[in-house]
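Here is the file start.txt (compact mmCIF, C-alpha atoms).
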# COMPACT_ATOMS: atom_id res chain seq x y z
CA MET A 22 0.00 0.00 0.00
CA THR A 23 1.34 3.40 -0.93
CA VAL A 24 -0.17 6.84 -0.76
CA SER A 25 -1.83 7.80 -4.03
CA TYR A 26 0.10 10.49 -5.85
CA ASP A 27 -2.74 11.32 -8.23
CA ASN A 28 -5.40 11.45 -5.53
CA SER A 29 -3.22 13.54 -3.23
CA ARG A 30 -2.99 15.96 -6.12
CA ALA A 31 -6.78 15.86 -6.54
CA VAL A 32 -7.17 16.84 -2.87
CA TYR A 33 -4.58 19.60 -3.18
CA ASP A 34 -6.16 20.93 -6.35
CA GLY A 35 -9.51 20.90 -4.54
CA ILE A 36 -8.06 22.98 -1.71
CA LYS A 37 -6.73 25.54 -4.15
CA ALA A 38 -9.90 25.54 -6.25
CA ALA A 39 -11.81 26.39 -3.06
CA GLY A 40 -9.73 29.57 -2.90
CA VAL A 41 -7.70 28.50 0.12
CA ARG A 42 -4.06 29.61 0.32
CA SER A 43 -3.40 28.92 4.00
CA LEU A 44 -3.03 25.53 5.67
CA SER A 45 -2.19 24.20 9.08
CA ALA A 46 -1.13 20.61 9.45
CA LEU A 47 0.50 17.95 11.48
CA PRO A 48 2.22 15.68 9.00
CA GLU A 49 1.21 12.05 8.73
CA THR A 50 1.68 9.43 6.03
CA TRP A 51 -1.54 9.94 4.08
CA LEU A 52 -1.06 13.71 4.12
CA GLY A 53 2.62 13.56 3.15
CA LEU A 54 2.30 14.13 -0.59
CA LEU A 55 -0.24 16.89 -0.02
CA LEU A 56 2.09 18.67 2.36
CA GLN A 57 5.02 18.33 -0.02
CA ARG A 58 2.91 20.13 -2.61
CA ALA A 59 2.01 22.82 -0.09
CA GLU A 60 5.67 23.30 0.85
CA SER A 61 6.75 23.73 -2.76
CA ASP A 62 3.85 26.01 -3.69
CA PRO A 63 4.85 29.68 -3.35
CA GLU A 64 1.18 30.67 -3.19
CA MET A 65 0.51 28.53 -0.12
CA LYS A 66 1.18 29.43 3.51
CA LEU A 67 1.72 26.31 5.59
CA VAL A 68 1.98 26.16 9.36
CA GLN A 69 3.19 22.84 10.67
CA VAL A 70 2.09 22.61 14.30
CA SER A 71 3.54 20.65 17.20
CA ARG A 72 0.15 19.30 18.22
CA GLU A 73 -3.20 19.50 16.47
CA GLU A 74 -4.94 21.60 19.12
CA GLU A 75 -2.57 24.44 18.25
CA ALA A 76 -3.95 24.39 14.73
CA ILE A 77 -7.39 25.33 16.08
CA GLY A 78 -5.82 28.52 17.41
CA VAL A 79 -3.92 29.17 14.19
CA ALA A 80 -7.12 28.61 12.18
CA ALA A 81 -9.04 31.01 14.41
CA GLY A 82 -6.30 33.62 13.94
CA ALA A 83 -6.45 33.17 10.17
CA TYR A 84 -10.24 33.48 10.27
CA PHE A 85 -10.12 36.70 12.27
CA ALA A 86 -7.51 37.97 9.82
CA GLY A 87 -9.89 37.26 6.92
CA GLU A 88 -7.72 34.54 5.37
CA PRO A 89 -9.41 31.34 4.10
CA HIS A 90 -7.76 28.44 5.90
CA ILE A 91 -8.00 24.66 5.95
CA LEU A 92 -6.75 22.29 8.65
CA LEU A 93 -5.15 18.95 7.77
CA MET A 94 -4.82 16.33 10.48
CA GLN A 95 -5.13 12.66 11.28
CA ASN A 96 -8.21 11.49 13.17
CA HIS A 97 -6.07 10.86 16.26
CA GLY A 98 -5.02 14.49 16.04
CA LEU A 99 -8.67 15.48 16.06
CA PHE A 100 -9.02 13.73 19.42
CA GLY A 101 -6.18 15.81 20.85
CA ALA A 102 -7.76 18.99 19.52
CA VAL A 103 -11.20 18.51 21.07
CA ASN A 104 -11.03 21.21 23.75
CA GLY A 105 -9.85 23.76 21.22
CA ILE A 106 -12.70 22.80 18.90
CA VAL A 107 -15.28 23.04 21.67
CA SER A 108 -13.96 25.92 23.77
CA LEU A 109 -12.64 28.13 21.01
CA ALA A 110 -14.25 27.29 17.67
CA GLN A 111 -17.73 26.29 18.81
CA LEU A 112 -17.87 28.65 21.80
CA TYR A 113 -16.97 31.69 19.68
CA HIS A 114 -18.63 30.56 16.41
CA VAL A 115 -15.36 30.30 14.54
CA PRO A 116 -15.62 28.12 11.40
CA LEU A 117 -13.15 25.28 10.85
CA CYS A 118 -12.80 23.33 7.63
CA MET A 119 -10.97 20.16 8.63
CA LEU A 120 -9.65 17.52 6.24
CA ILE A 121 -9.03 14.45 8.37
CA ALA A 122 -7.08 11.32 7.45
CA PHE A 123 -9.49 8.59 8.53
CA ARG A 124 -7.08 5.94 9.78
CA GLY A 125 -8.06 2.71 11.46
CA HIS A 126 -11.12 1.76 9.47
CA TRP A 127 -12.12 -0.69 6.70
CA GLY A 128 -9.00 -2.45 5.47
CA GLU A 129 -6.76 -1.09 8.21
CA PRO A 130 -3.77 -3.43 8.65
CA HIS A 131 -2.15 -1.58 11.57
CA PRO A 132 -3.54 -2.52 15.01
CA TRP A 133 -2.47 0.81 16.54
CA HIS A 134 -4.87 2.80 14.37
CA THR A 135 -7.94 0.66 14.93
CA ARG A 136 -9.41 2.05 18.17
CA GLY A 137 -9.18 5.57 16.85
CA GLY A 138 -10.83 4.62 13.59
CA ILE A 139 -13.66 2.85 15.35
CA VAL A 140 -14.59 5.84 17.55
CA THR A 141 -13.97 8.68 15.07
CA GLU A 142 -17.49 9.01 13.68
CA ASP A 143 -19.11 8.80 17.11
CA ILE A 144 -16.78 11.49 18.43
CA LEU A 145 -17.68 13.76 15.52
CA ARG A 146 -21.38 13.11 16.16
CA ALA A 147 -20.97 13.76 19.89
CA LEU A 148 -19.39 17.11 19.04
CA SER A 149 -22.14 17.93 16.52
CA ILE A 150 -19.51 18.23 13.80
CA PRO A 151 -21.07 17.49 10.41
CA PHE A 152 -18.95 15.14 8.30
CA GLU A 153 -18.77 13.41 4.94
CA HIS A 154 -16.48 10.70 3.60
CA ALA A 155 -14.25 11.42 0.62
CA ARG A 156 -13.73 8.24 -1.40
CA ASP A 157 -13.72 9.28 -5.04
CA PRO A 158 -10.97 11.46 -6.55
CA ALA A 159 -13.43 12.76 -9.12
CA LYS A 160 -15.66 14.14 -6.37
CA VAL A 161 -13.23 15.19 -3.65
CA GLY A 162 -12.69 18.68 -5.07
CA GLN A 163 -16.39 19.41 -4.94
CA GLN A 164 -16.60 17.93 -1.44
CA ILE A 165 -13.83 20.23 -0.23
CA ALA A 166 -15.57 23.24 -1.75
CA GLU A 167 -18.83 22.21 -0.08
CA ALA A 168 -17.15 21.61 3.27
CA TRP A 169 -15.57 25.04 3.03
CA THR A 170 -18.86 26.73 2.13
CA PHE A 171 -20.74 24.98 4.92
CA SER A 172 -18.16 25.83 7.57
CA GLN A 173 -18.44 29.51 6.63
CA SER A 174 -22.24 29.62 6.52
CA ALA A 175 -22.67 27.63 9.74
CA LEU A 176 -19.74 29.38 11.50
CA ALA A 177 -18.90 25.95 12.82
CA PRO A 178 -16.38 23.14 12.48
CA VAL A 179 -17.02 20.67 9.67
CA ALA A 180 -14.99 17.60 8.74
CA LEU A 181 -14.24 15.79 5.51
CA LEU A 182 -12.89 12.31 6.24
CA LEU A 183 -10.21 11.27 3.76
CA THR A 184 -10.67 7.51 3.45
CA ARG A 185 -8.36 4.68 2.49
CA ASP A 186 -10.14 4.34 -0.88
CA LEU A 187 -9.04 7.86 -1.71
CA MET A 188 -5.63 8.12 -0.11
CA GLU A 189 -4.05 4.74 -0.82
CA GLU A 190 -3.52 2.80 -3.99
CA VAL A 191 -3.28 -0.95 -4.13
CA MET B 18 4.87 43.84 40.35
CA LYS B 19 1.20 43.42 39.56
CA ARG B 20 -0.09 42.28 36.20
CA ALA B 21 -2.84 44.91 36.36
CA THR B 22 -0.16 47.61 36.66
CA CYS B 23 1.71 46.21 33.66
CA ILE B 24 -1.42 46.08 31.53
CA GLU B 25 -2.34 49.63 32.56
CA MET B 26 1.14 50.81 31.57
CA ILE B 27 0.88 49.42 28.04
CA TYR B 28 -2.85 50.05 27.54
CA PRO B 29 -2.42 53.30 25.55
CA GLU B 30 0.00 51.49 23.21
CA LEU B 31 -2.51 48.74 22.43
CA GLU B 32 -4.91 51.01 20.56
CA ASP B 33 -3.44 50.34 17.11
CA LYS B 34 -2.58 46.68 17.68
CA LEU B 35 -4.46 43.39 17.66
CA VAL B 36 -4.63 42.01 21.18
CA VAL B 37 -5.43 38.46 22.28
CA THR B 38 -5.66 37.65 25.99
CA ILE B 39 -6.08 34.49 27.99
CA MET B 40 -9.01 33.83 30.28
CA GLY B 41 -9.87 35.12 33.69
CA ALA B 42 -7.91 37.75 35.54
CA CYS B 43 -5.79 38.83 32.58
CA ALA B 44 -8.82 39.36 30.34
CA GLN B 45 -10.72 41.13 33.10
CA GLU B 46 -7.91 43.52 33.92
CA LEU B 47 -7.64 44.60 30.28
CA TYR B 48 -11.43 44.87 29.93
CA ASN B 49 -11.66 46.98 33.08
CA LEU B 50 -9.42 49.61 31.48
CA GLY B 51 -11.94 49.97 28.67
CA HIS B 52 -12.90 47.45 26.03
CA ARG B 53 -11.95 48.09 22.43
CA ASP B 54 -12.92 46.25 19.26
CA ASN B 55 -9.30 45.19 18.70
CA PHE B 56 -9.26 43.10 21.90
CA PHE B 57 -10.12 39.39 21.82
CA TYR B 58 -10.51 37.60 25.14
CA LEU B 59 -10.05 33.83 24.94
CA GLN B 60 -12.09 32.85 27.98
CA HIS B 61 -11.39 29.11 27.64
CA ALA B 62 -9.29 26.76 25.50
CA MET B 63 -6.24 27.38 27.68
CA GLY B 64 -2.99 27.55 25.78
CA LEU B 65 -4.37 28.67 22.45
CA ALA B 66 -4.10 32.46 22.83
CA SER B 67 -0.54 32.30 21.50
CA SER B 68 -1.64 30.10 18.59
CA ILE B 69 -4.41 32.56 17.70
CA GLY B 70 -1.80 35.29 17.84
CA MET B 71 0.42 33.38 15.45
CA GLY B 72 -2.40 32.78 12.97
CA LEU B 73 -3.30 36.47 13.14
CA ALA B 74 0.27 37.68 12.81
CA MET B 75 1.00 35.49 9.79
CA HIS B 76 -2.07 36.74 7.95
CA GLN B 77 -2.00 40.39 9.06
CA PRO B 78 1.69 41.10 8.54
CA ASP B 79 1.23 44.86 8.65
CA LYS B 80 -0.35 44.88 12.12
CA LYS B 81 1.40 44.35 15.42
CA VAL B 82 -0.19 41.45 17.28
CA VAL B 83 0.09 41.31 21.07
CA VAL B 84 -0.68 38.17 23.08
CA LEU B 85 -1.23 38.60 26.82
CA ASP B 86 -0.56 35.10 28.10
CA GLY B 87 0.04 33.40 31.44
CA ASP B 88 2.25 30.68 32.85
CA GLY B 89 -0.58 28.17 33.27
CA SER B 90 -1.67 28.61 29.67
CA VAL B 91 1.86 28.48 28.26
CA LEU B 92 2.50 25.27 30.19
CA MET B 93 -0.50 23.79 28.37
CA ASN B 94 0.91 24.64 24.95
CA MET B 95 4.70 24.61 25.23
CA GLY B 96 4.86 23.15 21.74
CA GLY B 97 3.35 26.41 20.57
CA LEU B 98 6.58 28.20 21.53
CA ALA B 99 8.47 25.87 19.18
CA THR B 100 5.99 26.54 16.38
CA LEU B 101 6.36 30.26 17.03
CA ALA B 102 10.15 29.92 16.84
CA ARG B 103 9.95 28.01 13.58
CA TYR B 104 7.73 30.51 11.75
CA ARG B 105 8.73 33.60 13.81
CA PRO B 106 6.20 36.14 12.54
CA PRO B 107 8.09 39.43 12.97
CA ASN B 108 4.98 41.32 14.08
CA LEU B 109 4.15 39.15 17.10
CA VAL B 110 4.81 40.21 20.69
CA HIS B 111 4.09 37.44 23.17
CA ILE B 112 3.87 38.71 26.75
CA ILE B 113 3.71 35.97 29.38
CA PHE B 114 2.61 37.10 32.83
CA ASP B 115 4.11 34.52 35.16
CA ASN B 116 2.50 34.51 38.58
CA GLY B 117 3.38 30.88 39.36
CA SER B 118 -0.27 30.20 39.97
CA LEU B 119 -3.46 28.97 38.36
CA LEU B 120 -5.05 32.03 39.90
CA SER B 121 -8.29 32.06 37.92
CA THR B 122 -9.04 28.42 38.69
CA GLY B 123 -8.31 28.27 42.43
CA GLY B 124 -4.77 29.51 42.94
CA PHE B 125 -2.89 26.23 42.76
CA ASP B 126 0.84 26.54 42.17
CA THR B 127 2.04 25.96 38.62
CA HIS B 128 5.37 24.41 37.65
CA THR B 129 6.91 27.88 37.45
CA THR B 130 6.34 28.57 41.13
CA GLU B 131 9.54 29.39 43.04
CA GLY B 132 11.38 29.39 39.72
CA ILE B 133 11.20 25.63 39.15
CA THR B 134 10.42 25.96 35.45
CA ASP B 135 11.94 29.00 33.76
CA LEU B 136 9.64 30.02 30.91
CA ALA B 137 12.15 32.50 29.49
CA ALA B 138 14.66 29.65 29.23
CA VAL B 139 11.97 27.47 27.68
CA ALA B 140 11.22 30.15 25.07
CA SER B 141 14.92 30.62 24.32
CA GLY B 142 15.43 26.88 24.16
CA ALA B 143 12.49 26.59 21.79
CA GLY B 144 14.43 28.84 19.46
CA ILE B 145 13.01 32.30 19.99
CA ALA B 146 15.80 34.83 19.63
CA ASN B 147 14.33 37.82 21.45
CA VAL B 148 13.35 36.81 24.97
CA GLU B 149 13.33 39.16 27.97
CA ALA B 150 12.65 38.20 31.57
CA VAL B 151 11.59 41.09 33.80
CA ASP B 152 10.32 41.45 37.34
CA ASP B 153 9.82 45.17 37.76
CA THR B 154 7.72 47.78 36.03
CA VAL B 155 10.48 49.89 34.53
CA PRO B 156 12.26 46.98 32.80
CA PHE B 157 8.85 45.66 31.79
CA GLY B 158 7.97 48.95 30.12
CA GLU B 159 11.34 49.12 28.39
CA ALA B 160 11.07 45.53 27.16
CA VAL B 161 7.61 46.16 25.76
CA ILE B 162 8.64 49.38 23.99
CA GLU B 163 11.61 47.57 22.42
CA ALA B 164 9.43 44.64 21.39
CA PHE B 165 6.83 46.96 19.81
CA GLU B 166 9.58 48.64 17.79
CA ARG B 167 11.44 45.44 16.89
CA ASP B 168 10.73 43.77 13.55
CA ALA B 169 11.08 40.26 14.99
CA THR B 170 9.13 37.86 17.17
CA SER B 171 9.51 38.87 20.81
CA VAL B 172 8.71 37.07 24.03
CA ILE B 173 8.58 38.86 27.39
CA VAL B 174 8.24 36.86 30.58
CA ALA B 175 7.07 39.16 33.35
CA LYS B 176 7.12 37.86 36.91
CA VAL B 177 4.01 39.17 38.65
CA GLU B 178 2.16 38.69 41.92
CA ALA B 179 -0.60 36.12 42.08
CA VAL B 180 -3.40 38.63 42.49
CA GLY B 181 -6.35 39.44 40.29
CA PRO B 182 -9.33 41.75 40.12
CA ASP B 183 -11.92 41.89 42.91
CA ALA B 184 -14.78 41.02 40.62
CA TYR B 185 -15.32 39.36 37.26
CA GLY B 186 -17.82 40.08 34.53
CA MET B 187 -18.08 41.55 31.06
CA ASP B 188 -20.97 43.08 29.19
CA LEU B 189 -19.84 41.21 26.10
CA ALA B 190 -21.09 37.84 24.89
CA LEU B 191 -18.27 35.60 23.68
CA PRO B 192 -19.43 35.32 20.03
CA GLU B 193 -20.06 39.08 20.05
CA ASN B 194 -16.40 39.58 20.97
CA ALA B 195 -15.35 37.34 18.07
CA PHE B 196 -17.64 39.08 15.54
CA GLN B 197 -16.50 42.53 16.67
CA PHE B 198 -12.85 41.54 16.50
CA LYS B 199 -13.16 40.08 13.01
CA ARG B 200 -15.14 43.08 11.77
CA HIS B 201 -12.57 45.45 13.23
CA ILE B 202 -9.77 43.68 11.34
CA ALA B 203 -11.79 43.61 8.11
CA GLY B 204 -12.18 47.37 8.46
CA LEU B 205 -8.42 47.90 8.61
CA ALA B 206 -7.84 46.94 4.98
Represent the structure contained in this file as structure tokens.
Amino acid sequence: MTVSYDNSRAVYDGIKAAGVRSLSALPETWLGLLLQRAESDPEMKLVQVSREEEAIGVAAGAYFAGEPHILLMQNHGLFGAVNGIVSLAQLYHVPLCMLIAFRGHWGEPHPWHTRGGIVTEDILRALSIPFEHARDPAKVGQQIAEAWTFSQSALAPVALLLTRDLMEEV
Amino acid sequence: MKRATCIEMIYPELEDKLVVTIMGACAQELYNLGHRDNFFYLQHAMGLASSIGMGLAMHQPDKKVVVLDGDGSVLMNMGGLATLARYRPPNLVHIIFDNGSLLSTGGFDTHTTEGITDLAAVASGAGIANVEAVDDTVPFGEAVIEAFERDATSVIVAKVEAVGPDAYGMDLALPENAFQFKRHIAGLA
């Protein structure tokens, strides 16, 4: 299993087509090719955080500054960011558009990812964070644009789960 | 040295800057001097005031951004100092009021009490070049003036007494504060 070069590009193109030129991220395998693109793109501002909760603060700062911003993280990073999501983003009605690598689900070979994968959707539901799954490279661009639009109209966090079907190739 | 005195000293200088404070006493002491639309009070999510400041500073490079932080909050987001050092937005001034206490949540000692953890050393070790540690009002004022004039990320660790305001309360709903702050920044363009 390797990360899909073409589909990583489809996600990155979707981010740019949504008009976003600012990203925060904590690198992980599925996001690696995306982040390489961001690093080599002179139009893109990338903040690599030490821990995902920081990115909630960075995203809020970007929002206040009027700069469209997307957060990239693994689902386990989402868990570590929960208080920031609740007590900054939701409390103050700050939108977050989160693209989340959905590790530990159907087809997952690594035991260490499995508990996180199993609880991810329930955690999102418990936090009232609307989410969709991105599986098809032909549709992911539109899904990113829709996630972006919804986060801004709802002034709330929304999540697009980047699945194995999208991010890996056999 | 009291934090309220420090904030009062720099209050006139904050008028043309974007200010993010942490929760509780620090927010209240700034508010009590007179709220302005360029002040954002993070009343929860401890640790993230500095991260908000970094996001603001990176995307509003022509405005000075001032974070009024505390030892308890910095201890919750020490990785944020490393992120700040890596990207070092030149327009960010990060003031850490270190009272060695979780004053707003019951007054328990923090790890900085009696100098156990040295936050100025932590900031320097994280890679921030301009770090000042001060424990009196005159050096505090001088450090802040220098930081406001400097075109580089600055951290000031100010040792203060563990005292806060007599009463808490703001006539400002939290989302209202966020909307005001965003609108203020949009109006700067």
- Message: Using only C-alpha atoms for the distances, tell me which of B:Arg103, B:His52, B:Arg20, B:His128 is nearest to chain A.
- Response: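 Going through B:Arg103, B:His52, B:Arg20, B:His128 one by one, the smallest distance to chain A is for B:Arg103.
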- Message: Which residues are near A:Leu117? Cut-off 9 Å, only C-alpha atoms, ignore same chain within fewer than 2 positions. Put them as a PyMOL selection string.
- Response: chain A and resi 77+80-81+84+90-92+106+110+115+119+169+172-173+176-180
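The closest residue to chain B, picked from A:Ala122, A:Leu67, A:Ile150, A:Val191 and counting all atoms listed in the file, is A:Leu67.
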Box in all listed atoms of stretch 26-44 of chain B, axis-aligned, with 8 Å more on each side; write out centre and edge lengths in Å to one decimal as AutoDock Vina command-line options.
--center_x -4.4 --center_y 43.6 --center_z 26.3 --size_x 27.0 --size_y 35.5 --size_z 34.4
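Among the candidates A:Glu190, A:Glu73, A:Asp62, A:Glu129, the one nearest to chain B when counting all atoms listed in the file is A:Glu73.
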Each residue of chain A lying at most 9 Å from chain B should get a row with its shortest atom-to-atom pair and the distance in Å to one decimal, counting all atoms listed in the file; could you produce that, ordered by chain and increasing number, as JSON lines?
{"residue": "A:Ser43", "atom": "CA", "partner": "B:His76", "partner_atom": "CA", "distance": 8.9}
{"residue": "A:Lys66", "atom": "CA", "partner": "B:Met75", "partner_atom": "CA", "distance": 8.7}
{"residue": "A:Val68", "atom": "CA", "partner": "B:Tyr104", "partner_atom": "CA", "distance": 7.6}
{"residue": "A:Gln69", "atom": "CA", "partner": "B:Thr100", "partner_atom": "CA", "distance": 7.4}
{"residue": "A:Val70", "atom": "CA", "partner": "B:Thr100", "partner_atom": "CA", "distance": 5.9}
{"residue": "A:Ser71", "atom": "CA", "partner": "B:Gly96", "partner_atom": "CA", "distance": 5.3}
{"residue": "A:Arg72", "atom": "CA", "partner": "B:Gly96", "partner_atom": "CA", "distance": 7.0}
{"residue": "A:Glu74", "atom": "CA", "partner": "B:Leu65", "partner_atom": "CA", "distance": 7.8}
{"residue": "A:Glu75", "atom": "CA", "partner": "B:Ser68", "partner_atom": "CA", "distance": 5.7}
{"residue": "A:Ala76", "atom": "CA", "partner": "B:Ser68", "partner_atom": "CA", "distance": 7.3}
{"residue": "A:Ile77", "atom": "CA", "partner": "B:Leu65", "partner_atom": "CA", "distance": 7.8}
{"residue": "A:Gly78", "atom": "CA", "partner": "B:Ile69", "partner_atom": "CA", "distance": 4.3}
{"residue": "A:Val79", "atom": "CA", "partner": "B:Gly72", "partner_atom": "CA", "distance": 4.1}
{"residue": "A:Ala80", "atom": "CA", "partner": "B:Gly72", "partner_atom": "CA", "distance": 6.3}
{"residue": "A:Ala81", "atom": "CA", "partner": "B:Ile69", "partner_atom": "CA", "distance": 5.9}
{"residue": "A:Gly82", "atom": "CA", "partner": "B:Gly72", "partner_atom": "CA", "distance": 4.1}
{"residue": "A:Ala83", "atom": "CA", "partner": "B:Gly72", "partner_atom": "CA", "distance": 4.9}
{"residue": "A:Tyr84", "atom": "CA", "partner": "B:Lys199", "partner_atom": "CA", "distance": 7.7}
{"residue": "A:Phe85", "atom": "CA", "partner": "B:Lys199", "partner_atom": "CA", "distance": 4.6}
{"residue": "A:Ala86", "atom": "CA", "partner": "B:Leu73", "partner_atom": "CA", "distance": 5.6}
{"residue": "A:Gly87", "atom": "CA", "partner": "B:Ala203", "partner_atom": "CA", "distance": 6.7}
{"residue": "A:Glu88", "atom": "CA", "partner": "B:His76", "partner_atom": "CA", "distance": 6.6}
{"residue": "A:Asn104", "atom": "CA", "partner": "B:Ala62", "partner_atom": "CA", "distance": 6.1}
{"residue": "A:Gly105", "atom": "CA", "partner": "B:Ala62", "partner_atom": "CA", "distance": 5.3}
{"residue": "A:Ile106", "atom": "CA", "partner": "B:Ala62", "partner_atom": "CA", "distance": 8.4}
{"residue": "A:Val107", "atom": "CA", "partner": "B:Ala62", "partner_atom": "CA", "distance": 8.0}
{"residue": "A:Ser108", "atom": "CA", "partner": "B:Ala62", "partner_atom": "CA", "distance": 5.1}
{"residue": "A:Leu109", "atom": "CA", "partner": "B:Ala62", "partner_atom": "CA", "distance": 5.8}
{"residue": "A:Leu112", "atom": "CA", "partner": "B:Pro192", "partner_atom": "CA", "distance": 7.1}
{"residue": "A:Tyr113", "atom": "CA", "partner": "B:Pro192", "partner_atom": "CA", "distance": 4.4}
{"residue": "A:His114", "atom": "CA", "partner": "B:Pro192", "partner_atom": "CA", "distance": 6.0}
{"residue": "A:Val115", "atom": "CA", "partner": "B:Ala195", "partner_atom": "CA", "distance": 7.9}
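Nearest-residue note for B:Leu31: choosing from B:Val82, B:Ala44, B:Ala160, B:Val155, the minimum distance belongs to B:Val82, counting all atoms listed in the file.
With only C-alpha atoms as the atoms that count, the residue of A:Ser61, A:Gln111, A:Ser45, A:Thr50 with the shortest distance to A:Met188 is A:Thr50.
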Write out as an mmCIF file with C-alpha atoms, in the coordinates of the input each polymer residue whose atoms come within 12 Å of B:Ile24, counting all atoms listed in the file; drop sequence neighbours fewer than 3 positions from it.
data_model
loop_
_atom_site.group_PDB
_atom_site.id
_atom_site.type_symbol
_atom_site.label_atom_id
_atom_site.label_comp_id
_atom_site.auth_asym_id
_atom_site.auth_seq_id
_atom_site.Cartn_x
_atom_site.Cartn_y
_atom_site.Cartn_z
ATOM 1 C CA MET B 18 4.870 43.840 40.350
ATOM 2 C CA LYS B 19 1.200 43.420 39.560
ATOM 3 C CA ARG B 20 -0.090 42.280 36.200
ATOM 4 C CA ALA B 21 -2.840 44.910 36.360
ATOM 5 C CA ILE B 27 0.880 49.420 28.040
ATOM 6 C CA TYR B 28 -2.850 50.050 27.540
ATOM 7 C CA PRO B 29 -2.420 53.300 25.550
ATOM 8 C CA GLU B 30 0.000 51.490 23.210
ATOM 9 C CA LEU B 31 -2.510 48.740 22.430
ATOM 10 C CA VAL B 36 -4.630 42.010 21.180
ATOM 11 C CA THR B 38 -5.660 37.650 25.990
ATOM 12 C CA ALA B 42 -7.910 37.750 35.540
ATOM 13 C CA CYS B 43 -5.790 38.830 32.580
ATOM 14 C CA ALA B 44 -8.820 39.360 30.340
ATOM 15 C CA GLN B 45 -10.720 41.130 33.100
ATOM 16 C CA GLU B 46 -7.910 43.520 33.920
ATOM 17 C CA LEU B 47 -7.640 44.600 30.280
ATOM 18 C CA TYR B 48 -11.430 44.870 29.930
ATOM 19 C CA ASN B 49 -11.660 46.980 33.080
ATOM 20 C CA LEU B 50 -9.420 49.610 31.480
ATOM 21 C CA GLY B 51 -11.940 49.970 28.670
ATOM 22 C CA VAL B 83 0.090 41.310 21.070
ATOM 23 C CA VAL B 84 -0.680 38.170 23.080
ATOM 24 C CA LEU B 85 -1.230 38.600 26.820
ATOM 25 C CA ASP B 86 -0.560 35.100 28.100
ATOM 26 C CA ILE B 112 3.870 38.710 26.750
ATOM 27 C CA ILE B 113 3.710 35.970 29.380
ATOM 28 C CA PHE B 114 2.610 37.100 32.830
ATOM 29 C CA THR B 154 7.720 47.780 36.030
ATOM 30 C CA PHE B 157 8.850 45.660 31.790
ATOM 31 C CA GLY B 158 7.970 48.950 30.120
ATOM 32 C CA VAL B 161 7.610 46.160 25.760
ATOM 33 C CA ALA B 175 7.070 39.160 33.350
ATOM 34 C CA VAL B 177 4.010 39.170 38.650
#
- Quick one: of B:Glu149, B:Glu178, B:Glu166, B:Asp79, who's nearest to B:Gly117, counting all atoms listed in the file?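 Under the stated criterion, the closest residue is B:Glu178.
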